[in-house]
>>> print(open('work_18.pdb').read())   # PDB, C-alpha atoms
ATOM      1  CA  MET M   1      -5.947  62.867 152.028
ATOM      2  CA  ASP M   2      -7.279  61.361 155.257
ATOM      3  CA  GLU M   3      -6.677  63.705 158.202
ATOM      4  CA  HIS M   4      -6.400  60.677 160.491
ATOM      5  CA  VAL M   5      -3.377  59.435 158.539
ATOM      6  CA  LYS M   6      -1.802  62.895 158.667
ATOM      7  CA  GLU M   7      -2.364  63.078 162.401
ATOM      8  CA  ARG M   8      -0.654  59.714 162.896
ATOM      9  CA  ILE M   9       2.302  60.938 160.866
ATOM     10  CA  ARG M  10       2.480  64.170 162.859
ATOM     11  CA  LYS M  11       2.498  62.403 166.206
ATOM     12  CA  GLN M  12       5.071  59.791 165.188
ATOM     13  CA  TYR M  13       7.250  61.931 162.912
ATOM     14  CA  GLY M  14       9.912  62.562 165.537
ATOM     15  CA  ASN M  15      10.319  58.810 166.049
ATOM     16  CA  LEU M  16      10.621  57.931 162.359
ATOM     17  CA  THR M  17      13.902  57.086 160.684
ATOM     18  CA  ALA M  18      15.248  59.313 157.918
ATOM     19  CA  SER M  19      13.975  56.842 155.304
ATOM     20  CA  GLN M  20      10.543  56.659 156.910
ATOM     21  CA  LYS M  21      10.330  60.467 156.945
ATOM     22  CA  ILE M  22      10.848  60.466 153.180
ATOM     23  CA  ILE M  23       7.978  57.999 152.815
ATOM     24  CA  SER M  24       5.750  60.061 155.129
ATOM     25  CA  LYS M  25       6.290  63.127 152.938
ATOM     26  CA  PHE M  26       5.365  61.059 149.887
ATOM     27  CA  VAL M  27       2.188  59.791 151.595
ATOM     28  CA  ILE M  28       1.058  63.317 152.480
ATOM     29  CA  GLU M  29       1.849  64.820 149.086
ATOM     30  CA  LYS M  30       0.705  61.939 146.830
ATOM     31  CA  PRO M  31      -2.026  59.921 148.571
ATOM     32  CA  ASN M  32      -3.591  59.027 145.213
ATOM     33  CA  LEU M  33      -0.490  56.968 144.364
ATOM     34  CA  ILE M  34      -0.694  55.133 147.680
ATOM     35  CA  ALA M  35      -4.302  54.254 146.870
ATOM     36  CA  ILE M  36      -3.499  52.522 143.579
ATOM     37  CA  HIS M  37      -0.002  51.073 143.984
ATOM     38  CA  THR M  38       1.518  48.203 145.921
ATOM     39  CA  ALA M  39       4.061  48.635 148.686
ATOM     40  CA  LYS M  40       6.768  47.460 146.280
ATOM     41  CA  LYS M  41       5.839  50.141 143.744
ATOM     42  CA  ILE M  42       5.849  52.847 146.439
ATOM     43  CA  ALA M  43       9.280  51.597 147.469
ATOM     44  CA  ASP M  44      10.474  52.039 143.878
ATOM     45  CA  LEU M  45       8.960  55.529 143.627
ATOM     46  CA  THR M  46      10.665  56.654 146.835
ATOM     47  CA  ASN M  47      13.949  54.813 146.205
ATOM     48  CA  MET M  48      13.407  52.781 149.354
ATOM     49  CA  SER M  49      13.028  49.087 150.056
ATOM     50  CA  GLU M  50       9.654  47.419 150.375
ATOM     51  CA  ALA M  51      10.600  46.447 153.926
ATOM     52  CA  THR M  52      11.100  50.134 154.785
ATOM     53  CA  VAL M  53       7.611  50.944 153.498
ATOM     54  CA  ILE M  54       6.132  48.160 155.622
ATOM     55  CA  ARG M  55       8.076  49.266 158.701
ATOM     56  CA  PHE M  56       6.788  52.793 158.130
ATOM     57  CA  CYS M  57       3.228  51.446 158.314
ATOM     58  CA  TYR M  58       4.043  49.605 161.535
ATOM     59  CA  ALA M  59       5.557  52.783 162.984
ATOM     60  CA  LEU M  60       2.233  54.570 162.441
ATOM     61  CA  GLY M  61       0.366  51.807 164.244
ATOM     62  CA  TYR M  62      -1.072  50.033 161.197
ATOM     63  CA  THR M  63      -1.076  46.272 160.834
ATOM     64  CA  GLY M  64       0.568  46.665 157.445
ATOM     65  CA  TYR M  65       0.510  48.502 154.130
ATOM     66  CA  THR M  66      -2.967  47.224 153.226
ATOM     67  CA  GLN M  67      -4.579  48.904 156.227
ATOM     68  CA  LEU M  68      -2.894  52.222 155.434
ATOM     69  CA  GLN M  69      -3.915  51.922 151.789
ATOM     70  CA  ASP M  70      -7.538  51.090 152.656
ATOM     71  CA  GLU M  71      -7.804  54.120 154.933
ATOM     72  CA  ILE M  72      -6.487  56.424 152.220
ATOM     73  CA  LYS M  73      -8.786  54.864 149.605
ATOM     74  CA  LYS M  74     -11.842  55.518 151.759
ATOM     75  CA  ALA M  75     -10.794  59.117 152.303
ATOM     76  CA  LEU M  76     -10.309  59.692 148.576
ATOM     77  CA  LEU M  77     -13.667  58.113 147.749
ATOM     78  CA  ILE M  78     -15.629  60.400 150.062
ATOM     79  CA  ALA M  79     -13.630  63.507 149.177
ATOM     80  CA  ASP M  80     -15.463  66.223 147.278
ATOM     81  CA  PRO M  81     -14.659  65.563 143.608
ATOM     82  CA  ARG M  82     -15.123  69.210 142.682
ATOM     83  CA  LYS M  83     -12.136  71.458 142.420
ATOM     84  CA  GLY M  84     -11.423  73.556 145.474
ATOM     85  CA  PRO M  85     -11.497  77.363 145.303
ATOM     86  CA  ILE M  86      -7.713  77.631 145.018
ATOM     87  CA  GLN M  87      -7.509  75.347 141.987
ATOM     88  CA  LYS M  88     -10.474  77.070 140.348
ATOM     89  CA  TYR M  89      -8.719  80.389 140.812
ATOM     90  CA  ARG M  90      -5.457  79.048 139.393
ATOM     91  CA  ASP M  91      -7.267  77.656 136.364
ATOM     92  CA  SER M  92      -8.649  81.094 135.549
ATOM     93  CA  GLU M  93      -5.666  83.156 136.680
ATOM     94  CA  GLU M  94      -4.457  85.754 134.233
ATOM     95  CA  ILE M  95      -1.086  87.425 134.020
ATOM     96  CA  ARG M  96      -0.880  90.150 136.635
ATOM     97  CA  THR M  97      -0.601  93.647 135.182
ATOM     98  CA  LYS M  98      -0.702  97.203 136.474
ATOM     99  CA  ASP M  99      -4.361  97.328 135.474
ATOM    100  CA  ASN M 100      -5.573  94.204 137.278
ATOM    101  CA  TYR M 101      -3.134  93.513 140.127
ATOM    102  CA  ALA M 102      -5.553  94.754 142.824
ATOM    103  CA  GLN M 103      -8.258  92.389 141.625
ATOM    104  CA  GLN M 104      -5.739  89.559 141.325
ATOM    105  CA  VAL M 105      -4.480  90.023 144.879
ATOM    106  CA  MET M 106      -7.965  90.162 146.384
ATOM    107  CA  GLU M 107      -9.184  87.187 144.358
ATOM    108  CA  THR M 108      -6.188  85.193 145.565
ATOM    109  CA  ASP M 109      -6.983  86.069 149.178
ATOM    110  CA  ILE M 110     -10.639  85.129 148.685
ATOM    111  CA  ALA M 111      -9.716  81.794 147.086
ATOM    112  CA  TYR M 112      -7.445  80.840 149.971
ATOM    113  CA  LEU M 113      -9.990  81.977 152.550
ATOM    114  CA  GLN M 114     -12.696  79.886 150.864
ATOM    115  CA  GLN M 115     -10.373  76.892 150.768
ATOM    116  CA  GLY M 116      -9.614  77.395 154.443
ATOM    117  CA  LEU M 117     -13.328  77.484 155.204
ATOM    118  CA  GLN M 118     -13.874  74.202 153.353
ATOM    119  CA  GLN M 119     -11.038  72.522 155.240
ATOM    120  CA  LEU M 120     -11.900  73.960 158.646
ATOM    121  CA  ASP M 121     -12.004  71.395 161.441
ATOM    122  CA  TYR M 122     -14.601  72.871 163.790
ATOM    123  CA  GLY M 123     -13.952  70.276 166.469
ATOM    124  CA  LEU M 124     -10.266  71.160 166.505
ATOM    125  CA  LEU M 125     -11.041  74.879 166.646
ATOM    126  CA  ASP M 126     -13.353  74.286 169.598
ATOM    127  CA  GLN M 127     -10.604  72.352 171.374
ATOM    128  CA  ALA M 128      -8.140  75.179 170.743
ATOM    129  CA  ALA M 129     -10.539  77.828 172.070
ATOM    130  CA  ARG M 130     -11.286  75.785 175.186
ATOM    131  CA  GLN M 131      -7.571  75.144 175.731
ATOM    132  CA  ILE M 132      -6.978  78.894 175.714
ATOM    133  CA  ILE M 133      -9.837  79.456 178.156
ATOM    134  CA  SER M 134      -8.616  76.798 180.599
ATOM    135  CA  ALA M 135      -4.963  77.899 180.555
ATOM    136  CA  ASN M 136      -3.804  79.787 183.632
ATOM    137  CA  ARG M 137      -1.037  81.374 181.635
ATOM    138  CA  ILE M 138      -0.348  81.808 177.928
ATOM    139  CA  VAL M 139       2.896  82.524 176.089
ATOM    140  CA  VAL M 140       2.656  83.554 172.424
ATOM    141  CA  VAL M 141       5.720  83.221 170.212
ATOM    142  CA  GLY M 142       6.308  84.165 166.585
ATOM    143  CA  PHE M 143       9.431  85.457 164.863
ATOM    144  CA  ARG M 144      10.287  87.057 161.531
ATOM    145  CA  TRP M 145       7.083  87.845 159.646
ATOM    146  CA  CYS M 146       5.053  85.909 162.225
ATOM    147  CA  HIS M 147       5.916  88.502 164.868
ATOM    148  CA  ILE M 148       3.143  90.896 163.781
ATOM    149  CA  PRO M 149       0.291  88.335 163.928
ATOM    150  CA  ALA M 150       1.783  86.950 167.161
ATOM    151  CA  LYS M 151       1.750  90.424 168.692
ATOM    152  CA  TRP M 152      -1.863  90.980 167.600
ATOM    153  CA  LEU M 153      -2.892  87.640 169.111
ATOM    154  CA  PHE M 154      -1.060  88.460 172.346
ATOM    155  CA  SER M 155      -2.684  91.899 172.621
ATOM    156  CA  THR M 156      -6.177  90.616 171.882
ATOM    157  CA  LEU M 157      -5.921  87.680 174.284
ATOM    158  CA  ASN M 158      -4.709  90.042 176.980
ATOM    159  CA  ALA M 159      -7.787  92.192 176.409
ATOM    160  CA  ILE M 160     -10.343  89.363 176.510
ATOM    161  CA  LYS M 161      -8.610  86.958 178.912
ATOM    162  CA  GLY M 162      -5.443  88.407 180.442
ATOM    163  CA  ASN M 163      -2.317  86.700 181.748
ATOM    164  CA  THR M 164      -0.887  86.407 178.234
ATOM    165  CA  HIS M 165       2.760  87.091 177.431
ATOM    166  CA  LEU M 166       4.624  87.668 174.179
ATOM    167  CA  TYR M 167       8.036  86.058 173.889
ATOM    168  CA  THR M 168      10.211  88.263 171.708
ATOM    169  CA  GLY M 169      13.511  86.456 171.865
ATOM    170  CA  ALA M 170      16.841  87.808 172.988
ATOM    171  CA  VAL M 171      15.371  90.861 174.729
ATOM    172  CA  ASP M 172      13.301  88.576 176.953
ATOM    173  CA  ASN M 173      14.540  86.253 179.640
ATOM    174  CA  ALA M 174      13.495  82.807 178.437
ATOM    175  CA  ASP M 175      14.175  81.410 181.894
ATOM    176  CA  TYR M 176      11.310  83.527 183.231
ATOM    177  CA  PHE M 177       8.837  81.965 180.825
ATOM    178  CA  LEU M 178      10.131  78.469 181.497
ATOM    179  CA  THR M 179      10.405  78.625 185.295
ATOM    180  CA  GLU M 180       7.621  81.007 186.375
ATOM    181  CA  ARG M 181       4.944  78.692 185.083
ATOM    182  CA  ASP M 182       1.618  77.427 186.358
ATOM    183  CA  GLN M 183       0.321  73.897 186.114
ATOM    184  CA  GLU M 184      -2.009  74.792 183.242
ATOM    185  CA  TRP M 185      -0.006  76.924 180.858
ATOM    186  CA  LEU M 186      -0.157  77.105 177.105
ATOM    187  CA  VAL M 187       2.348  78.056 174.430
ATOM    188  CA  ILE M 188       0.833  79.301 171.171
ATOM    189  CA  ALA M 189       3.513  79.114 168.486
ATOM    190  CA  LEU M 190       3.238  80.645 165.014
ATOM    191  CA  SER M 191       5.853  79.441 162.544
ATOM    192  CA  PHE M 192       6.151  79.019 158.779
ATOM    193  CA  PRO M 193       9.029  78.235 156.419
ATOM    194  CA  ARG M 194      11.752  79.083 156.934
ATOM    195  CA  HIS M 195      11.223  78.102 160.555
ATOM    196  CA  PRO M 196      13.224  80.179 163.070
ATOM    197  CA  ALA M 197      15.313  77.928 165.301
ATOM    198  CA  GLU M 198      14.428  80.006 168.365
ATOM    199  CA  THR M 199      10.715  79.268 167.970
ATOM    200  CA  VAL M 200      11.404  75.545 167.739
ATOM    201  CA  ALA M 201      13.763  75.682 170.735
ATOM    202  CA  LEU M 202      11.255  77.518 172.940
ATOM    203  CA  VAL M 203       8.452  75.103 172.033
ATOM    204  CA  GLN M 204      10.715  72.131 172.680
ATOM    205  CA  SER M 205      11.777  73.435 176.101
ATOM    206  CA  ALA M 206       8.251  74.399 177.118
ATOM    207  CA  LYS M 207       6.895  71.015 176.060
ATOM    208  CA  ALA M 208       9.564  69.218 178.071
ATOM    209  CA  LEU M 209       8.521  71.238 181.124
ATOM    210  CA  GLY M 210       4.870  70.245 180.815
ATOM    211  CA  ALA M 211       3.309  73.051 178.793
ATOM    212  CA  LYS M 212       0.509  72.440 176.339
ATOM    213  CA  VAL M 213       1.390  73.556 172.821
ATOM    214  CA  LEU M 214      -0.949  74.978 170.193
ATOM    215  CA  ALA M 215       0.911  75.115 166.867
ATOM    216  CA  ILE M 216      -0.266  77.359 164.041
ATOM    217  CA  THR M 217       1.777  76.339 161.036
ATOM    218  CA  GLU M 218       1.705  74.968 157.491
ATOM    219  CA  GLY M 219       1.217  71.264 158.142
ATOM    220  CA  GLU M 220       2.064  67.999 159.821
ATOM    221  CA  LEU M 221       5.743  68.034 158.850
ATOM    222  CA  SER M 222       6.453  71.435 160.370
ATOM    223  CA  PRO M 223       9.084  71.135 163.135
ATOM    224  CA  ILE M 224       6.721  72.630 165.724
ATOM    225  CA  SER M 225       3.718  70.495 164.753
ATOM    226  CA  GLN M 226       5.444  67.343 165.962
ATOM    227  CA  MET M 227       5.532  68.744 169.510
ATOM    228  CA  ALA M 228       2.016  70.171 169.431
ATOM    229  CA  ASP M 229      -0.960  68.988 171.442
ATOM    230  CA  LEU M 230      -3.175  70.784 168.934
ATOM    231  CA  LEU M 231      -2.326  71.701 165.345
ATOM    232  CA  LEU M 232      -4.108  74.396 163.340
ATOM    233  CA  LYS M 233      -2.966  74.235 159.721
ATOM    234  CA  VAL M 234      -2.864  77.314 157.518
ATOM    235  CA  THR M 235      -2.485  77.177 153.741
ATOM    236  CA  THR M 236      -1.325  80.538 152.423
ATOM    237  CA  PRO M 237      -0.304  81.956 149.049
ATOM    238  CA  GLN M 238       3.425  81.901 148.452
ATOM    239  CA  PRO M 239       5.618  83.524 149.523
ATOM    240  CA  ALA M 240       3.818  83.462 152.848
ATOM    241  CA  ALA M 241       5.739  86.433 154.248
ATOM    242  CA  THR M 242       4.324  88.866 151.682
ATOM    243  CA  SER M 243       1.068  87.164 150.697
ATOM    244  CA  GLY M 244      -0.068  85.031 153.614
ATOM    245  CA  MET M 245      -1.175  87.593 156.201
ATOM    246  CA  PRO M 246      -4.907  87.775 155.295
ATOM    247  CA  VAL M 247      -5.357  84.006 155.612
ATOM    248  CA  LEU M 248      -3.390  83.775 158.856
ATOM    249  CA  PHE M 249      -5.185  86.722 160.449
ATOM    250  CA  SER M 250      -8.536  85.239 159.450
ATOM    251  CA  LEU M 251      -7.773  82.032 161.342
ATOM    252  CA  LEU M 252      -6.537  83.978 164.375
ATOM    253  CA  ASN M 253      -9.719  86.043 164.294
ATOM    254  CA  VAL M 254     -11.820  82.864 164.246
ATOM    255  CA  LEU M 255      -9.837  81.560 167.214
ATOM    256  CA  ILE M 256     -10.420  84.774 169.173
ATOM    257  CA  LYS M 257     -14.133  84.699 168.390
ATOM    258  CA  GLY M 258     -14.265  81.103 169.636
ATOM    259  CA  VAL M 259     -12.846  82.187 172.992
ATOM    260  CA  MET M 260     -15.350  85.049 173.161
ATOM    261  CA  VAL M 261     -18.265  82.709 172.411
ATOM    262  CA  TYR M 262     -17.337  79.893 174.794
ATOM    263  CA  ASP M 263     -16.323  82.183 177.653
ATOM    264  CA  ALA M 264     -18.782  85.000 176.982
ATOM    265  CA  LYS M 265     -19.571  85.920 180.602
ATOM    266  CA  ASN M 266     -15.944  86.197 181.716
ATOM    267  CA  VAL M 267     -14.926  87.944 178.513
ATOM    268  CA  GLN M 268     -17.683  90.525 178.971
ATOM    269  CA  LYS M 269     -16.512  91.267 182.509
ATOM    270  CA  ARG M 270     -12.936  91.480 181.317
ATOM    271  CA  LEU M 271     -13.816  93.898 178.520
ATOM    272  CA  GLN M 272     -15.818  96.140 180.834
ATOM    273  CA  HIS M 273     -12.825  96.338 183.147
ATOM    274  CA  TYR M 274     -10.555  96.888 180.140
ATOM    275  CA  ASP M 275     -12.704  99.807 178.956
ATOM    276  CA  GLU M 276     -12.745 101.371 182.425
ATOM    277  CA  ILE M 277      -8.963 101.247 182.715
ATOM    278  CA  SER M 278      -8.499 102.468 179.143
ATOM    279  CA  SER M 279     -10.778 105.440 179.781
ATOM    280  CA  GLN M 280      -8.624 106.460 182.722
ATOM    281  CA  LEU M 281      -5.325 106.114 180.873
ATOM    282  CA  TYR M 282      -6.113 107.270 177.336
ATOM    283  CA  SER M 283      -8.094 109.934 175.526
ATOM    284  CA  PHE M 284     -10.495 108.763 172.810
ATOM    285  CA  ILE M 285     -12.529 110.390 170.070
ATOM    286  CA  GLY M 286     -15.921 108.789 169.419
ATOM    287  CA  ASP M 287     -17.951 106.242 171.364
ATOM    288  CA  GLU M 288     -17.404 103.044 169.380
ATOM    289  CA  ASP M 289     -16.680  99.994 171.525
ATOM    290  CA  GLU M 290     -13.284  98.438 171.026
ATOM    291  CA  PHE M 291     -14.566  94.884 171.401
ATOM    292  CA  THR M 292     -17.977  93.278 171.037
ATOM    293  CA  ILE M 293     -19.201  89.732 171.509
TER     294      ILE M 293
END
>>> encode(input="work_18.pdb", output="structure tokens")
Amino acid sequence: MDEHVKERIRKQYGNLTASQKIISKFVIEKPNLIAIHTAKKIADLTNMSEATVIRFCYALGYTGYTQLQDEIKKALLIADPRKGPIQKYRDSEEIRTKDNYAQQVMETDIAYLQQGLQQLDYGLLDQAARQIISANRIVVVGFRWCHIPAKWLFSTLNAIKGNTHLYTGAVDNADYFLTERDQEWLVIALSFPRHPAETVALVQSAKALGAKVLAITEGELSPISQMADLLLKVTTPQPAATSGMPVLFSLLNVLIKGVMVYDAKNVQKRLQHYDEISSQLYSFIGDEDEFTI
């Protein structure tokens, strides 16, 4: 599936009609059918009218269905014909037992990590790292099972950059985050199905007040992705709450390393100061550095 088509859908999704949203989901999930069928056939498959399919193409900025179809065809032609790591793993997956569950779990994690590596958009990651570096202030938000990775990201960014805040919901004063803001501030939102309404509401309010939004979520149709300036997609085993942590933490780790690489001098100064303060406040055993670049 062409990422350019997905990006168009993401940016326009909030402006689409209910019928057009159904078609957009079909396009993302079944691009191979778009490549071989006419607009009329796609209308039949989605229980829509042909005119609705054409209007959907117009809404994305295409001159018509043919242009959308041609773009998807090109993407499918240049796509790697080999099976991805996830599908290869599924093809060979055995029934999980008490004897092999540890191997099964780790092989699943490895397959998803390899798939993530294949699909990694390095340009987008660079943009995300630079956006973090340039932000005067950062607010991290993640609820339910996303709270733990959100808290780790908040703590690590505070160590290497500073001026990062974790929004934890009702115990925090949302007005503080939305009014005490600098010109260059960034909201990093982590959200996966089922999406907490409070995450969506905070992102929506922050966006309306001029914040940049970095969304870390499952895809273009996520409710927070439509408000995002940058979208980092994460494909995890299901259910994500119990099986998705290794993949999500891997991406967050890559993001942190990007900040440390692109802002190495400032990060080094920050970490030296961090170590000095930590040495005064806490007792440690051993000499291992907490952070390295």
>>> closest_residue(input="work_18.pdb", among="M:Glu50, M:Asp99, M:Asp109, M:Asp70", to="Ser250 of chain M", atoms="all atoms listed in the file")
M:Asp109
>>> resolve_selection(input="work_18.pdb", expression="the PyMOL selection byres ((chain M and resi 29) around 12)", output="MDAnalysis selection string")
chainID M and resid 1:2 6 22:28 30:34 219:221
>>> axis_aligned_box(input="work_18.pdb", around="segment 14-28 of chain M", padding_each_side="3 Å", output="AutoDock Vina command-line options")
--center_x 8.2 --center_y 60.0 --center_z 158.0 --size_x 20.2 --size_y 12.7 --size_z 22.2
>>> closest_residue(input="work_18.pdb", among="M:Phe192, M:Tyr167, M:Tyr65, M:Trp145", to="Ala39 of chain M", atoms="all atoms listed in the file")
M:Tyr65
>>> residues_around(input="work_18.pdb", residues="Gly258 of chain M", least_positions_apart="4", cutoff="10 Å", atoms="only C-alpha atoms", output="ChimeraX atom specification")
/M:125-130,132-133,252-254,262-264
>>> resolve_selection(input="work_18.pdb", expression="the PyMOL selection byres ((chain M and resi 161) around 8)", output="CSV table (one decimal) with C-alpha atoms, keeping the file's coordinate frame")
chain,number,residue,atom,x,y,z
M,133,ILE,CA,-9.8,79.5,178.2
M,157,LEU,CA,-5.9,87.7,174.3
M,158,ASN,CA,-4.7,90.0,177.0
M,159,ALA,CA,-7.8,92.2,176.4
M,160,ILE,CA,-10.3,89.4,176.5
M,162,GLY,CA,-5.4,88.4,180.4
M,163,ASN,CA,-2.3,86.7,181.7
M,164,THR,CA,-0.9,86.4,178.2
M,266,ASN,CA,-15.9,86.2,181.7
M,267,VAL,CA,-14.9,87.9,178.5
M,270,ARG,CA,-12.9,91.5,181.3
>>> residues_near_point(input="work_18.pdb", point="(9.3, 62.2, 161.2)", cutoff="12 Å", atoms="all atoms listed in the file", output="PyMOL selection string")
chain M and resi 6-25+56+59-60+220-227
>>> atom_distance(input="work_18.pdb", atom1="atom CA of Leu209 of chain M", atom2="atom CA of Phe143 of chain M")
21.6 Å
>>> atom_distance(input="work_18.pdb", atom1="atom CA of Tyr274 of chain M", atom2="atom CA of Met260 of chain M")
14.6 Å
>>> closest_residue(input="work_18.pdb", among="M:Glu198, M:Lys265, M:Ala102, M:Trp185", to="Ile138 of chain M", atoms="all atoms listed in the file")
M:Trp185
>>> resolve_selection(input="work_18.pdb", expression="the PyMOL selection byres ((chain M and resi 146) around 9)", output="ChimeraX atom specification")
/M:141-145,147-151,190-192,241,245
>>> closest_residue(input="work_18.pdb", among="M:Gln104, M:Ala211, M:Arg194, M:Gly123", to="Val139 of chain M", atoms="only C-alpha atoms")
M:Ala211
>>> atom_distance(input="work_18.pdb", atom1="atom CA of Val187 of chain M", atom2="atom CA of Leu255 of chain M")
14.6 Å
>>> residues_around(input="work_18.pdb", residues="Ser243 of chain M", least_positions_apart="4", cutoff="12 Å", atoms="only C-alpha atoms", output="CSV table (one decimal) with C-alpha atoms, in the coordinates of the input")
chain,number,residue,atom,x,y,z
M,104,GLN,CA,-5.7,89.6,141.3
M,105,VAL,CA,-4.5,90.0,144.9
M,106,MET,CA,-8.0,90.2,146.4
M,108,THR,CA,-6.2,85.2,145.6
M,109,ASP,CA,-7.0,86.1,149.2
M,112,TYR,CA,-7.4,80.8,150.0
M,145,TRP,CA,7.1,87.8,159.6
M,235,THR,CA,-2.5,77.2,153.7
M,236,THR,CA,-1.3,80.5,152.4
M,237,PRO,CA,-0.3,82.0,149.0
M,238,GLN,CA,3.4,81.9,148.5
M,239,PRO,CA,5.6,83.5,149.5
M,247,VAL,CA,-5.4,84.0,155.6
M,248,LEU,CA,-3.4,83.8,158.9
M,249,PHE,CA,-5.2,86.7,160.4
>>> closest_residue(input="work_18.pdb", among="M:Val259, M:Ser49, M:Gln67, M:Val234", to="Leu117 of chain M", atoms="only C-alpha atoms")
M:Val234
>>> closest_residue(input="work_18.pdb", among="M:Leu230, M:Val200, M:Leu45, M:Val213", to="Asp121 of chain M", atoms="all atoms listed in the file")
M:Leu230
